[in-house]
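Peer 1: Pasting a structure below so you can have a look.
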Amino acid sequence: MIGSLLGNVSQRAKSLLYRVSLVMKPQVVFVLGGPGAGKGTQCSKIVENYNYTHLSAGDLLRAERSREESEFGQLIDNYIKEGKIVPVEITINLLRKAMEETMKKDDNKFRFLIDGFPRNEDNLTGWDTVMVDKADVKFVLFFDCSNEVCIDRCLERGKSSGRTDDNRESLEKRIQTYLQSTRPIIELYEKHGKVRTVDASRSLEKVFADVKVVLDKEG
Ligand code: UDP
Ligand code: MG
């Protein structure tokens with residue numbers, strides 16, 4: 001009798017746990033920093049060592065740009081070359097879809113690094129409107145790096161990246177956009193105590209050692 005009662009309770013607990021895992025909200029870390037600060041590189045290292053899925057807003061936009069049926073290809077191309085920020089409706093849809101697809105395949109995969117987003121007020125408003133009760137933002141991982149180092153790294157990367165925006169002209173514009181539009185977003189999160197800053201001007205290994213400290217504590 002007691003045995004079957006306990007069995008029943010544990011059955012119910014299990015099914016409750018199952019339901020909770022089904023509705024597990026995505027946990028998001030926004031990864032920000034200037035162009036070439038090392039966001040993508042460090043995100044790959046994080047994915048190797050922690051249970052995170054890396055979603056780069058820039059990569060998603062570049063993939064959308066080259067998708068043949070896309071109605072936004074030309075628009076995205078222009079924005080990227082000009083170092084301007086694509087209207088959030090496009091970006092947020094790509095991010096949402098990528099998150100949903102990841103979680104559909106494996107509901108253990110609910111931790112996301114969202115790299116290169118939100119980059120301006122439009123991005124932030126779009127996120128707040130669409131995602132506010134669909135995901136929890138844990139903190140912003142901020143790769144802090146001087147503009148000079150950022151430019152040098154992107155020019156170096158430009159020799160082989162094939163990116164249409166890793167040239168001096170686009171870079172000047174990207175840095176401007178970063179300073180004018182993205183820094184204020186980082187400052188906003190800072191006011192809410194939500195920014196974890198890493199000095200990104202050092203070697204990959206040294207930067208990652210600091211990233212680990214942050215993630216081991218609260219990742
Ligand atoms: N971009 C955008 N919205 C985003 C992310 C990227 O419009 O949310 C565009 C923007 O034009 C940016 C470019 O994509 O300059 C490249 O972004 P990416 O994150 O790949 O550059 P990174 O900062 O990694 O060098
Ligand atoms: Mg990147």
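Chain identifiers are assigned as A, B, and so on, following the order in which chains appear in the structure tokens; residues are numbered from 1 within each chain, and ligands are numbered from 1 in order of appearance.
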Find the residues near ligand 2. Use a cut-off of 9 Å, count only C-alpha atoms and all ligand atoms, and write them as a PDB file with N, CA and C atoms, in the first residue's frame.
Peer 2:
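File pocket03.pdb, as written:
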ATOM      1  N   PRO A  35      34.189  45.071 -32.654  1.00  0.00           N
ATOM      2  CA  PRO A  35      34.518  44.137 -33.731  1.00  0.00           C
ATOM      3  C   PRO A  35      35.941  43.623 -33.519  1.00  0.00           C
ATOM      4  N   GLY A  36      36.120  42.324 -33.577  1.00  0.00           N
ATOM      5  CA  GLY A  36      37.464  41.779 -33.397  1.00  0.00           C
ATOM      6  C   GLY A  36      37.894  41.642 -31.948  1.00  0.00           C
ATOM      7  N   ALA A  37      36.983  41.868 -31.018  1.00  0.00           N
ATOM      8  CA  ALA A  37      37.356  41.747 -29.602  1.00  0.00           C
ATOM      9  C   ALA A  37      37.609  40.290 -29.223  1.00  0.00           C
ATOM     10  N   GLY A  38      37.123  39.381 -30.047  1.00  0.00           N
ATOM     11  CA  GLY A  38      37.365  37.951 -29.777  1.00  0.00           C
ATOM     12  C   GLY A  38      36.126  37.210 -29.316  1.00  0.00           C
ATOM     13  N   LYS A  39      34.975  37.786 -29.574  1.00  0.00           N
ATOM     14  CA  LYS A  39      33.725  37.171 -29.114  1.00  0.00           C
ATOM     15  C   LYS A  39      33.544  35.756 -29.676  1.00  0.00           C
ATOM     16  N   GLY A  40      33.677  35.656 -30.997  1.00  0.00           N
ATOM     17  CA  GLY A  40      33.464  34.361 -31.647  1.00  0.00           C
ATOM     18  C   GLY A  40      34.466  33.310 -31.180  1.00  0.00           C
ATOM     19  N   THR A  41      35.736  33.717 -31.111  1.00  0.00           N
ATOM     20  CA  THR A  41      36.800  32.800 -30.689  1.00  0.00           C
ATOM     21  C   THR A  41      36.543  32.294 -29.274  1.00  0.00           C
ATOM     22  N   SER A  56      25.765  33.289 -33.149  1.00  0.00           N
ATOM     23  CA  SER A  56      26.307  34.592 -33.515  1.00  0.00           C
ATOM     24  C   SER A  56      25.298  35.307 -34.402  1.00  0.00           C
ATOM     25  N   ALA A  57      24.843  36.471 -33.941  1.00  0.00           N
ATOM     26  CA  ALA A  57      23.858  37.227 -34.726  1.00  0.00           C
ATOM     27  C   ALA A  57      24.433  37.541 -36.104  1.00  0.00           C
ATOM     28  N   GLY A  58      25.716  37.912 -36.147  1.00  0.00           N
ATOM     29  CA  GLY A  58      26.361  38.226 -37.423  1.00  0.00           C
ATOM     30  C   GLY A  58      26.387  37.012 -38.354  1.00  0.00           C
ATOM     31  N   ASP A  59      26.733  35.846 -37.807  1.00  0.00           N
ATOM     32  CA  ASP A  59      26.772  34.629 -38.634  1.00  0.00           C
ATOM     33  C   ASP A  59      25.380  34.286 -39.151  1.00  0.00           C
ATOM     34  N   ASP A 115      25.891  36.033 -29.379  1.00  0.00           N
ATOM     35  CA  ASP A 115      27.120  36.786 -29.645  1.00  0.00           C
ATOM     36  C   ASP A 115      26.827  37.931 -30.627  1.00  0.00           C
ATOM     37  N   GLY A 116      27.209  39.144 -30.223  1.00  0.00           N
ATOM     38  CA  GLY A 116      27.026  40.298 -31.107  1.00  0.00           C
ATOM     39  C   GLY A 116      25.609  40.840 -31.117  1.00  0.00           C
TER      40      GLY A 116
END
Peer 1: Please identify the residues whose atoms come within 9 Å of ligand 1, using only C-alpha atoms and all ligand atoms, and report them as an MDAnalysis selection string.
Peer 2: chainID A and resid 32:40 56:62 76:88 90:92 115:120 123 150 154 163 165:166 170:171 173:175 177:178
Peer 1: How would you write, as a PyMOL selection string, the set of residues in segment 75-118 of chain A that DSSP gives as helix (DSSP H, G or I)?
Peer 2: chain A and resi 75-81+88-105
Peer 1: Counting only C-alpha atoms, which residues of segment 138-188 of chain A fall within 9 Å of segment 201-209 of chain A, and what is the closest atom pair for each with its distance in Å at one decimal, ordered by chain and rising number, as a tab-separated table?
Peer 2:
residue	atom	partner	partner_atom	distance
A:Phe143	CA	A:Ser201	CA	8.5
A:Asp144	CA	A:Ser201	CA	7.2
A:Cys145	CA	A:Ser201	CA	5.1
A:Ser146	CA	A:Ser201	CA	7.2
A:Val149	CA	A:Ser201	CA	6.8
A:Cys150	CA	A:Ser201	CA	8.5
Peer 1: Could you write out that same residue set with all heavy atoms as a CSV table (one decimal), in the first residue's frame?
Peer 2:
chain,number,residue,atom,x,y,z
A,143,PHE,N,33.6,41.7,-23.7
A,143,PHE,CA,35.0,41.6,-24.0
A,143,PHE,C,35.6,43.0,-24.3
A,143,PHE,O,35.3,43.6,-25.3
A,143,PHE,CB,35.2,40.6,-25.2
A,143,PHE,CG,35.0,39.2,-24.8
A,143,PHE,CD1,33.8,38.6,-25.2
A,143,PHE,CD2,35.9,38.5,-24.1
A,143,PHE,CE1,33.6,37.3,-24.8
A,143,PHE,CE2,35.7,37.2,-23.7
A,143,PHE,CZ,34.5,36.6,-24.1
A,144,ASP,N,36.3,43.5,-23.3
A,144,ASP,CA,36.7,44.9,-23.4
A,144,ASP,C,38.1,45.0,-24.1
A,144,ASP,O,39.1,44.3,-23.7
A,144,ASP,CB,36.9,45.4,-21.9
A,144,ASP,CG,37.0,46.9,-21.9
A,144,ASP,OD1,36.8,47.5,-22.9
A,144,ASP,OD2,37.3,47.4,-20.8
A,145,CYS,N,38.2,45.8,-25.1
A,145,CYS,CA,39.4,45.8,-25.9
A,145,CYS,C,39.5,47.2,-26.6
A,145,CYS,O,38.5,47.8,-27.0
A,145,CYS,CB,39.2,44.8,-27.0
A,145,CYS,SG,40.6,44.3,-27.9
A,146,SER,N,40.7,47.8,-26.7
A,146,SER,CA,40.8,49.1,-27.3
A,146,SER,C,40.5,49.1,-28.8
A,146,SER,O,40.6,48.0,-29.4
A,146,SER,CB,42.3,49.6,-27.1
A,146,SER,OG,43.1,48.9,-28.0
A,149,VAL,N,43.4,47.8,-31.0
A,149,VAL,CA,43.6,46.4,-31.1
A,149,VAL,C,42.5,45.7,-31.9
A,149,VAL,O,42.8,44.9,-32.8
A,149,VAL,CB,43.6,45.8,-29.6
A,149,VAL,CG1,43.6,44.2,-29.7
A,149,VAL,CG2,44.8,46.3,-28.8
A,150,CYS,N,41.3,46.2,-31.7
A,150,CYS,CA,40.1,45.7,-32.5
A,150,CYS,C,40.4,45.8,-34.0
A,150,CYS,O,40.2,44.9,-34.8
A,150,CYS,CB,38.8,46.4,-32.2
A,150,CYS,SG,38.1,45.9,-30.6
Peer 1: Atom CA of Lys191 of chain A and atom CA of Ile46 of chain A are how many Å apart?
Peer 2: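 Computing it gives 25.8 Å between the two atoms.
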Peer 1: Please return, as an MDAnalysis selection string, all residues of segment 10-191 of chain A that DSSP assigns to strand (DSSP E) on the basis of the backbone.
Peer 2: chainID A and resid 27:33 53:56 111:115 136:144
Peer 1: Hey, can you spit out that residue selection with N, CA, C and O atoms as an mmCIF file, in the first residue's frame?
Peer 2:
data_model
loop_
_atom_site.group_PDB
_atom_site.id
_atom_site.type_symbol
_atom_site.label_atom_id
_atom_site.label_comp_id
_atom_site.auth_asym_id
_atom_site.auth_seq_id
_atom_site.Cartn_x
_atom_site.Cartn_y
_atom_site.Cartn_z
ATOM 1 N N GLN A 27 18.246 29.996 -21.151
ATOM 2 C CA GLN A 27 19.097 30.862 -20.325
ATOM 3 C C GLN A 27 20.107 31.506 -21.266
ATOM 4 O O GLN A 27 20.825 30.793 -21.966
ATOM 5 N N VAL A 28 20.134 32.813 -21.257
ATOM 6 C CA VAL A 28 20.935 33.512 -22.261
ATOM 7 C C VAL A 28 22.051 34.340 -21.641
ATOM 8 O O VAL A 28 21.851 35.030 -20.650
ATOM 9 N N VAL A 29 23.224 34.233 -22.246
ATOM 10 C CA VAL A 29 24.309 35.167 -21.943
ATOM 11 C C VAL A 29 24.544 35.978 -23.215
ATOM 12 O O VAL A 29 24.809 35.406 -24.278
ATOM 13 N N PHE A 30 24.400 37.276 -23.120
ATOM 14 C CA PHE A 30 24.724 38.127 -24.267
ATOM 15 C C PHE A 30 26.241 38.346 -24.280
ATOM 16 O O PHE A 30 26.824 38.668 -23.236
ATOM 17 N N VAL A 31 26.847 38.186 -25.442
ATOM 18 C CA VAL A 31 28.292 38.371 -25.545
ATOM 19 C C VAL A 31 28.564 39.614 -26.391
ATOM 20 O O VAL A 31 28.212 39.657 -27.575
ATOM 21 N N LEU A 32 29.141 40.631 -25.760
ATOM 22 C CA LEU A 32 29.356 41.888 -26.476
ATOM 23 C C LEU A 32 30.813 42.333 -26.400
ATOM 24 O O LEU A 32 31.585 41.849 -25.569
ATOM 25 N N GLY A 33 31.156 43.259 -27.272
ATOM 26 C CA GLY A 33 32.521 43.772 -27.368
ATOM 27 C C GLY A 33 32.707 44.304 -28.779
ATOM 28 O O GLY A 33 31.917 43.968 -29.674
ATOM 29 N N THR A 53 25.184 26.641 -26.258
ATOM 30 C CA THR A 53 25.093 26.697 -27.718
ATOM 31 C C THR A 53 25.427 28.126 -28.141
ATOM 32 O O THR A 53 24.911 29.085 -27.556
ATOM 33 N N HIS A 54 26.304 28.240 -29.116
ATOM 34 C CA HIS A 54 26.748 29.555 -29.574
ATOM 35 C C HIS A 54 25.907 30.026 -30.754
ATOM 36 O O HIS A 54 25.850 29.350 -31.783
ATOM 37 N N LEU A 55 25.277 31.159 -30.607
ATOM 38 C CA LEU A 55 24.547 31.752 -31.730
ATOM 39 C C LEU A 55 25.130 33.131 -31.997
ATOM 40 O O LEU A 55 25.020 34.032 -31.159
ATOM 41 N N SER A 56 25.765 33.289 -33.149
ATOM 42 C CA SER A 56 26.307 34.592 -33.515
ATOM 43 C C SER A 56 25.298 35.307 -34.402
ATOM 44 O O SER A 56 24.928 34.797 -35.464
ATOM 45 N N ARG A 111 20.919 26.476 -22.823
ATOM 46 C CA ARG A 111 21.836 27.580 -22.486
ATOM 47 C C ARG A 111 22.437 28.143 -23.772
ATOM 48 O O ARG A 111 23.007 27.398 -24.566
ATOM 49 N N PHE A 112 22.304 29.438 -23.938
ATOM 50 C CA PHE A 112 22.753 30.061 -25.190
ATOM 51 C C PHE A 112 23.712 31.217 -24.944
ATOM 52 O O PHE A 112 23.505 32.033 -24.040
ATOM 53 N N LEU A 113 24.736 31.265 -25.800
ATOM 54 C CA LEU A 113 25.581 32.453 -25.879
ATOM 55 C C LEU A 113 25.100 33.210 -27.098
ATOM 56 O O LEU A 113 25.196 32.690 -28.217
ATOM 57 N N ILE A 114 24.557 34.367 -26.899
ATOM 58 C CA ILE A 114 24.119 35.160 -28.048
ATOM 59 C C ILE A 114 25.166 36.234 -28.293
ATOM 60 O O ILE A 114 25.335 37.175 -27.514
ATOM 61 N N ASP A 115 25.891 36.033 -29.379
ATOM 62 C CA ASP A 115 27.120 36.786 -29.645
ATOM 63 C C ASP A 115 26.827 37.931 -30.627
ATOM 64 O O ASP A 115 26.259 37.713 -31.690
ATOM 65 N N ASP A 136 15.502 33.972 -20.259
ATOM 66 C CA ASP A 136 16.084 34.759 -19.172
ATOM 67 C C ASP A 136 17.499 35.183 -19.551
ATOM 68 O O ASP A 136 18.318 34.340 -19.909
ATOM 69 N N VAL A 137 17.761 36.476 -19.449
ATOM 70 C CA VAL A 137 19.128 36.944 -19.694
ATOM 71 C C VAL A 137 19.880 36.911 -18.366
ATOM 72 O O VAL A 137 19.524 37.628 -17.428
ATOM 73 N N LYS A 138 20.913 36.057 -18.308
ATOM 74 C CA LYS A 138 21.629 35.917 -17.036
ATOM 75 C C LYS A 138 22.580 37.087 -16.821
ATOM 76 O O LYS A 138 22.614 37.690 -15.770
ATOM 77 N N PHE A 139 23.389 37.358 -17.813
ATOM 78 C CA PHE A 139 24.299 38.501 -17.729
ATOM 79 C C PHE A 139 24.882 38.790 -19.109
ATOM 80 O O PHE A 139 24.635 38.048 -20.069
ATOM 81 N N VAL A 140 25.643 39.885 -19.170
ATOM 82 C CA VAL A 140 26.351 40.242 -20.407
ATOM 83 C C VAL A 140 27.829 39.943 -20.184
ATOM 84 O O VAL A 140 28.419 40.405 -19.207
ATOM 85 N N LEU A 141 28.398 39.152 -21.068
ATOM 86 C CA LEU A 141 29.834 38.903 -21.016
ATOM 87 C C LEU A 141 30.474 39.910 -21.972
ATOM 88 O O LEU A 141 30.249 39.859 -23.179
ATOM 89 N N PHE A 142 31.249 40.817 -21.387
ATOM 90 C CA PHE A 142 31.753 41.943 -22.169
ATOM 91 C C PHE A 142 33.259 41.792 -22.394
ATOM 92 O O PHE A 142 34.049 41.797 -21.449
ATOM 93 N N PHE A 143 33.637 41.670 -23.663
ATOM 94 C CA PHE A 143 35.048 41.585 -24.027
ATOM 95 C C PHE A 143 35.554 42.988 -24.315
ATOM 96 O O PHE A 143 35.261 43.578 -25.348
ATOM 97 N N ASP A 144 36.312 43.494 -23.346
ATOM 98 C CA ASP A 144 36.746 44.882 -23.387
ATOM 99 C C ASP A 144 38.113 44.974 -24.073
ATOM 100 O O ASP A 144 39.059 44.313 -23.662
#
Peer 1: Hey, which of A:Glu89, A:Asp199, A:Glu69, A:Glu101 ends up closest to Val211 of chain A? Count only C-alpha atoms.
Peer 2: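 Looking at the shortest contact to Val211 of chain A, the residue is A:Asp199.
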Peer 1: Determine the nearest neighbour of Pro26 of chain A from the options A:Lys212, A:Lys134, A:Lys97, A:Lys45, counting only C-alpha atoms.
Peer 2: A:Lys134
